[in-house]
Amino acid sequence: MGGGTMHGGMEREELTSQQIDYFKELLVKKKESLLFNSKYSDEYNLQLEDRSDEVDHANADVLNAERLRFRNRENFFEKKIDEALNRITMDEYGLCRDCGSSIGFLRLNARPTADLCIICKEEAERRELSRVSHKKSKSTGRQISL
Ligand SMILES: [Zn+2]
């Protein structure tokens, strides 16, 4: 006993610093394009408001609702990007938030903001799903018959 073998039998797919740099750049670019888009849609919004009249009012409402939904999604995504960038700074990027194992380059490449490994992600989705269906069957009460 007394070896310095940190990597026991665990197969850890650690990211190299080049890979982390690559993801960092990717995330920063994504964030920039998000910010650019929201700036652009603000300007578009202003132009639209200038021209809107009574007839288009309903249409404008629909458009605004759409835009708000889109904006919410963007905000959510921007937050995910910030979190991922934060994890890079903290040297935690690429590690699963739940079990601490490596998320893996391929998964991160497909989803650079991922903070759960595929196993924990599937587990979380299963939990989410059963929670939702539980809620649903509760709200419909006794009408459910199985
Ligand atoms: Zn995990």
# chains A, B, ... in the order shown; residues from 1 in each chain; ligands from 1
>>> residues_near_ligand(ligand="ligand 1", cutoff="7 Å", atoms="only C-alpha atoms and all ligand atoms", output="PyMOL selection string")
chain A and resi 96-101+116-120
>>> write_last_selection(atoms="C-alpha atoms", output="CSV table (one decimal), in the first residue's frame")
chain,number,residue,atom,x,y,z
A,96,CYS,CA,-21.7,15.5,-13.1
A,97,ARG,CA,-23.5,17.8,-10.5
A,98,ASP,CA,-25.1,14.7,-8.9
A,99,CYS,CA,-22.5,11.9,-8.9
A,100,GLY,CA,-19.4,13.7,-9.8
A,101,SER,CA,-18.3,11.5,-12.6
A,116,LEU,CA,-25.5,15.9,-15.4
A,117,CYS,CA,-24.0,12.7,-16.8
A,118,ILE,CA,-26.3,10.7,-19.0
A,119,ILE,CA,-27.2,8.3,-16.2
A,120,CYS,CA,-28.2,11.0,-13.8
>>> closest_atom_pairs(of="range 69-132 of chain A", to="range 29-36 of chain A", cutoff="10 Å", atoms="only C-alpha atoms", output="CSV")
residue,atom,partner,partner_atom,distance
A:Arg71,CA,A:Leu34,CA,9.7
A:Glu74,CA,A:Leu34,CA,6.9
A:Asn75,CA,A:Leu34,CA,8.7
A:Phe77,CA,A:Lys31,CA,8.6
A:Glu78,CA,A:Lys31,CA,6.3
A:Lys79,CA,A:Lys31,CA,9.4
A:Lys80,CA,A:Lys31,CA,9.8
A:Ile81,CA,A:Lys31,CA,6.8
A:Asp82,CA,A:Lys31,CA,8.2
A:Pro112,CA,A:Lys30,CA,9.9
>>> residues_around(residues="Glu83 in chain A", least_positions_apart="5", cutoff="12 Å", atoms="only C-alpha atoms", output="JSON list (two decimals) with all heavy atoms, in the first residue's frame")
[["chain", "number", "residue", "atom", "x", "y", "z"],
["A", 24, "LYS", "N", -15.31, 26.53, -23.64],
["A", 24, "LYS", "CA", -15.43, 27.89, -23.12],
["A", 24, "LYS", "C", -15.71, 28.86, -24.27],
["A", 24, "LYS", "O", -16.62, 29.68, -24.20],
["A", 24, "LYS", "CB", -14.13, 28.29, -22.41],
["A", 24, "LYS", "CG", -14.26, 29.60, -21.67],
["A", 24, "LYS", "CD", -13.01, 29.88, -20.87],
["A", 24, "LYS", "CE", -13.12, 31.22, -20.19],
["A", 24, "LYS", "NZ", -11.91, 31.54, -19.43],
["A", 27, "LEU", "N", -19.24, 28.36, -25.56],
["A", 27, "LEU", "CA", -20.25, 28.92, -24.67],
["A", 27, "LEU", "C", -20.29, 30.44, -24.76],
["A", 27, "LEU", "O", -21.36, 31.05, -24.80],
["A", 27, "LEU", "CB", -19.98, 28.48, -23.22],
["A", 27, "LEU", "CG", -20.30, 27.02, -22.91],
["A", 27, "LEU", "CD1", -19.58, 26.56, -21.66],
["A", 27, "LEU", "CD2", -21.80, 26.81, -22.76],
["A", 28, "VAL", "N", -19.10, 31.04, -24.81],
["A", 28, "VAL", "CA", -19.04, 32.50, -24.91],
["A", 28, "VAL", "C", -19.69, 32.96, -26.22],
["A", 28, "VAL", "O", -20.46, 33.92, -26.24],
["A", 28, "VAL", "CB", -17.57, 33.00, -24.81],
["A", 28, "VAL", "CG1", -17.45, 34.45, -25.22],
["A", 28, "VAL", "CG2", -17.06, 32.81, -23.39],
["A", 31, "LYS", "N", -23.42, 32.68, -26.01],
["A", 31, "LYS", "CA", -23.97, 33.75, -25.19],
["A", 31, "LYS", "C", -24.01, 35.06, -25.97],
["A", 31, "LYS", "O", -25.00, 35.79, -25.94],
["A", 31, "LYS", "CB", -23.14, 33.92, -23.92],
["A", 31, "LYS", "CG", -23.83, 34.81, -22.93],
["A", 31, "LYS", "CD", -23.06, 34.96, -21.66],
["A", 31, "LYS", "CE", -23.64, 36.13, -20.90],
["A", 31, "LYS", "NZ", -23.00, 36.32, -19.61],
["A", 76, "PHE", "N", -33.47, 31.64, -19.94],
["A", 76, "PHE", "CA", -33.18, 30.36, -19.31],
["A", 76, "PHE", "C", -31.86, 29.80, -19.86],
["A", 76, "PHE", "O", -31.00, 29.36, -19.11],
["A", 76, "PHE", "CB", -34.33, 29.40, -19.60],
["A", 76, "PHE", "CG", -34.09, 28.00, -19.12],
["A", 76, "PHE", "CD1", -34.22, 27.69, -17.78],
["A", 76, "PHE", "CD2", -33.74, 27.01, -20.01],
["A", 76, "PHE", "CE1", -34.00, 26.40, -17.34],
["A", 76, "PHE", "CE2", -33.52, 25.71, -19.58],
["A", 76, "PHE", "CZ", -33.65, 25.41, -18.24],
["A", 77, "PHE", "N", -31.72, 29.88, -21.18],
["A", 77, "PHE", "CA", -30.54, 29.35, -21.82],
["A", 77, "PHE", "C", -29.30, 30.16, -21.43],
["A", 77, "PHE", "O", -28.23, 29.61, -21.18],
["A", 77, "PHE", "CB", -30.75, 29.37, -23.33],
["A", 77, "PHE", "CG", -29.78, 28.51, -24.08],
["A", 77, "PHE", "CD1", -29.60, 27.19, -23.72],
["A", 77, "PHE", "CD2", -29.06, 29.02, -25.14],
["A", 77, "PHE", "CE1", -28.70, 26.40, -24.40],
["A", 77, "PHE", "CE2", -28.16, 28.22, -25.83],
["A", 77, "PHE", "CZ", -27.98, 26.92, -25.46],
["A", 78, "GLU", "N", -29.49, 31.47, -21.35],
["A", 78, "GLU", "CA", -28.37, 32.33, -20.97],
["A", 78, "GLU", "C", -27.90, 31.98, -19.56],
["A", 78, "GLU", "O", -26.69, 31.98, -19.27],
["A", 78, "GLU", "CB", -28.82, 33.79, -21.04],
["A", 78, "GLU", "CG", -27.65, 34.75, -21.10],
["A", 78, "GLU", "CD", -28.10, 36.18, -20.91],
["A", 78, "GLU", "OE1", -29.18, 36.56, -21.40],
["A", 78, "GLU", "OE2", -27.37, 36.92, -20.22],
["A", 88, "ILE", "N", -16.62, 26.23, -15.42],
["A", 88, "ILE", "CA", -15.27, 26.22, -16.00],
["A", 88, "ILE", "C", -14.32, 26.98, -15.08],
["A", 88, "ILE", "O", -13.22, 26.51, -14.76],
["A", 88, "ILE", "CB", -15.28, 26.84, -17.42],
["A", 88, "ILE", "CG1", -15.99, 25.91, -18.39],
["A", 88, "ILE", "CG2", -13.84, 27.09, -17.89],
["A", 88, "ILE", "CD1", -16.11, 26.43, -19.81],
["A", 89, "THR", "N", -14.76, 28.14, -14.61],
["A", 89, "THR", "CA", -13.93, 28.94, -13.70],
["A", 89, "THR", "C", -13.62, 28.18, -12.41],
["A", 89, "THR", "O", -12.51, 28.23, -11.90],
["A", 89, "THR", "CB", -14.66, 30.25, -13.33],
["A", 89, "THR", "OG1", -15.20, 30.82, -14.52],
["A", 89, "THR", "CG2", -13.72, 31.23, -12.68],
["A", 90, "MET", "N", -14.63, 27.45, -11.93],
["A", 90, "MET", "CA", -14.46, 26.73, -10.67],
["A", 90, "MET", "C", -13.75, 25.39, -10.86],
["A", 90, "MET", "O", -13.57, 24.63, -9.90],
["A", 90, "MET", "CB", -15.83, 26.43, -10.03],
["A", 90, "MET", "CG", -16.70, 27.63, -9.81],
["A", 90, "MET", "SD", -16.09, 28.65, -8.47],
["A", 90, "MET", "CE", -16.61, 27.63, -7.08],
["A", 92, "GLU", "N", -14.93, 22.84, -12.39],
["A", 92, "GLU", "CA", -15.88, 21.75, -12.19],
["A", 92, "GLU", "C", -16.57, 21.37, -13.48],
["A", 92, "GLU", "O", -17.46, 20.51, -13.50],
["A", 92, "GLU", "CB", -16.95, 22.18, -11.17],
["A", 92, "GLU", "CG", -16.45, 22.22, -9.76],
["A", 92, "GLU", "CD", -17.45, 22.92, -8.84],
["A", 92, "GLU", "OE1", -18.53, 23.32, -9.31],
["A", 92, "GLU", "OE2", -17.13, 23.07, -7.65],
["A", 93, "TYR", "N", -16.17, 22.03, -14.55],
["A", 93, "TYR", "CA", -16.86, 21.79, -15.81],
["A", 93, "TYR", "C", -16.63, 20.36, -16.29],
["A", 93, "TYR", "O", -15.52, 19.84, -16.22],
["A", 93, "TYR", "CB", -16.36, 22.78, -16.87],
["A", 93, "TYR", "CG", -17.11, 22.66, -18.17],
["A", 93, "TYR", "CD1", -18.41, 23.14, -18.28],
["A", 93, "TYR", "CD2", -16.53, 22.07, -19.27],
["A", 93, "TYR", "CE1", -19.12, 23.04, -19.46],
["A", 93, "TYR", "CE2", -17.22, 21.96, -20.47],
["A", 93, "TYR", "CZ", -18.52, 22.44, -20.55],
["A", 93, "TYR", "OH", -19.20, 22.33, -21.72],
["A", 94, "GLY", "N", -17.71, 19.75, -16.80],
["A", 94, "GLY", "CA", -17.58, 18.40, -17.35],
["A", 94, "GLY", "C", -17.80, 17.32, -16.30],
["A", 94, "GLY", "O", -17.75, 16.14, -16.61],
["A", 97, "ARG", "N", -23.09, 17.03, -11.74],
["A", 97, "ARG", "CA", -23.50, 17.75, -10.54],
["A", 97, "ARG", "C", -23.99, 16.78, -9.47],
["A", 97, "ARG", "O", -23.92, 17.05, -8.27],
["A", 97, "ARG", "CB", -24.63, 18.70, -10.95],
["A", 97, "ARG", "CG", -25.11, 19.69, -9.95],
["A", 97, "ARG", "CD", -25.80, 20.85, -10.67],
["A", 97, "ARG", "NE", -26.80, 20.42, -11.64],
["A", 97, "ARG", "CZ", -28.07, 20.13, -11.34],
["A", 97, "ARG", "NH1", -28.49, 20.20, -10.10],
["A", 97, "ARG", "NH2", -28.92, 19.77, -12.27],
["A", 112, "PRO", "N", -23.29, 21.61, -24.59],
["A", 112, "PRO", "CA", -22.19, 22.19, -23.78],
["A", 112, "PRO", "C", -22.63, 22.67, -22.40],
["A", 112, "PRO", "O", -21.79, 22.87, -21.53],
["A", 112, "PRO", "CB", -21.70, 23.36, -24.63],
["A", 112, "PRO", "CG", -22.24, 23.12, -25.99],
["A", 112, "PRO", "CD", -23.50, 22.33, -25.83],
["A", 113, "THR", "N", -23.94, 22.85, -22.21],
["A", 113, "THR", "CA", -24.39, 23.32, -20.89],
["A", 113, "THR", "C", -24.77, 22.18, -19.97],
["A", 113, "THR", "O", -25.25, 22.42, -18.87],
["A", 113, "THR", "CB", -25.61, 24.27, -21.04],
["A", 113, "THR", "OG1", -26.63, 23.59, -21.78],
["A", 113, "THR", "CG2", -25.23, 25.55, -21.76],
["A", 114, "ALA", "N", -24.56, 20.94, -20.41],
["A", 114, "ALA", "CA", -24.94, 19.79, -19.59],
["A", 114, "ALA", "C", -24.21, 19.80, -18.26],
["A", 114, "ALA", "O", -23.01, 20.05, -18.19],
["A", 114, "ALA", "CB", -24.64, 18.50, -20.34],
["A", 115, "ASP", "N", -24.96, 19.55, -17.18],
["A", 115, "ASP", "CA", -24.30, 19.48, -15.87],
["A", 115, "ASP", "C", -24.62, 18.17, -15.16],
["A", 115, "ASP", "O", -24.35, 18.01, -13.99],
["A", 115, "ASP", "CB", -24.66, 20.69, -15.00],
["A", 115, "ASP", "CG", -26.15, 20.83, -14.79],
["A", 115, "ASP", "OD1", -26.90, 19.99, -15.32],
["A", 115, "ASP", "OD2", -26.56, 21.77, -14.11]]
>>> atom_distance(atom1="CA of Ser130 in chain A", atom2="CA of Glu66 in chain A")
29.2 Å
>>> atom_distance(atom1="CA of Phe23 in chain A", atom2="CA of Asn109 in chain A")
7.8 Å
>>> select_by_dssp(residues="range 80-118 of chain A", states="helix (DSSP H, G or I)", output="number ranges by chain")
A: 80-89, 105-110, 118
>>> residues_around(residues="Leu15 in chain A", least_positions_apart="3", cutoff="9 Å", atoms="only C-alpha atoms", output="PyMOL selection string")
chain A and resi 18-20+93-94+102+104-105
>>> write_last_selection(atoms="N, CA, C and O atoms", output="JSON list (two decimals), in the first residue's frame")
[["chain", "number", "residue", "atom", "x", "y", "z"],
["A", 18, "GLN", "N", -7.35, 21.68, -23.46],
["A", 18, "GLN", "CA", -7.74, 22.17, -24.79],
["A", 18, "GLN", "C", -9.23, 22.01, -25.02],
["A", 18, "GLN", "O", -9.88, 22.88, -25.59],
["A", 19, "GLN", "N", -9.76, 20.88, -24.57],
["A", 19, "GLN", "CA", -11.19, 20.65, -24.73],
["A", 19, "GLN", "C", -12.00, 21.65, -23.92],
["A", 19, "GLN", "O", -13.02, 22.16, -24.38],
["A", 20, "ILE", "N", -11.52, 21.93, -22.73],
["A", 20, "ILE", "CA", -12.22, 22.91, -21.90],
["A", 20, "ILE", "C", -12.18, 24.29, -22.54],
["A", 20, "ILE", "O", -13.18, 25.00, -22.58],
["A", 93, "TYR", "N", -16.17, 22.03, -14.55],
["A", 93, "TYR", "CA", -16.86, 21.79, -15.81],
["A", 93, "TYR", "C", -16.63, 20.36, -16.29],
["A", 93, "TYR", "O", -15.52, 19.84, -16.22],
["A", 94, "GLY", "N", -17.71, 19.75, -16.80],
["A", 94, "GLY", "CA", -17.58, 18.40, -17.35],
["A", 94, "GLY", "C", -17.80, 17.32, -16.30],
["A", 94, "GLY", "O", -17.75, 16.14, -16.61],
["A", 102, "SER", "N", -17.41, 11.99, -14.77],
["A", 102, "SER", "CA", -17.24, 12.80, -15.96],
["A", 102, "SER", "C", -18.43, 12.68, -16.90],
["A", 102, "SER", "O", -18.97, 11.59, -17.11],
["A", 104, "GLY", "N", -18.30, 13.54, -20.08],
["A", 104, "GLY", "CA", -17.80, 13.00, -21.34],
["A", 104, "GLY", "C", -17.85, 14.02, -22.47],
["A", 104, "GLY", "O", -18.78, 14.80, -22.57],
["A", 105, "PHE", "N", -16.83, 13.98, -23.29],
["A", 105, "PHE", "CA", -16.68, 14.97, -24.34],
["A", 105, "PHE", "C", -17.84, 14.95, -25.33],
["A", 105, "PHE", "O", -18.38, 15.99, -25.69]]
>>> atom_distance(atom1="CA of Glu125 in chain A", atom2="CA of Ala84 in chain A")
20.0 Å
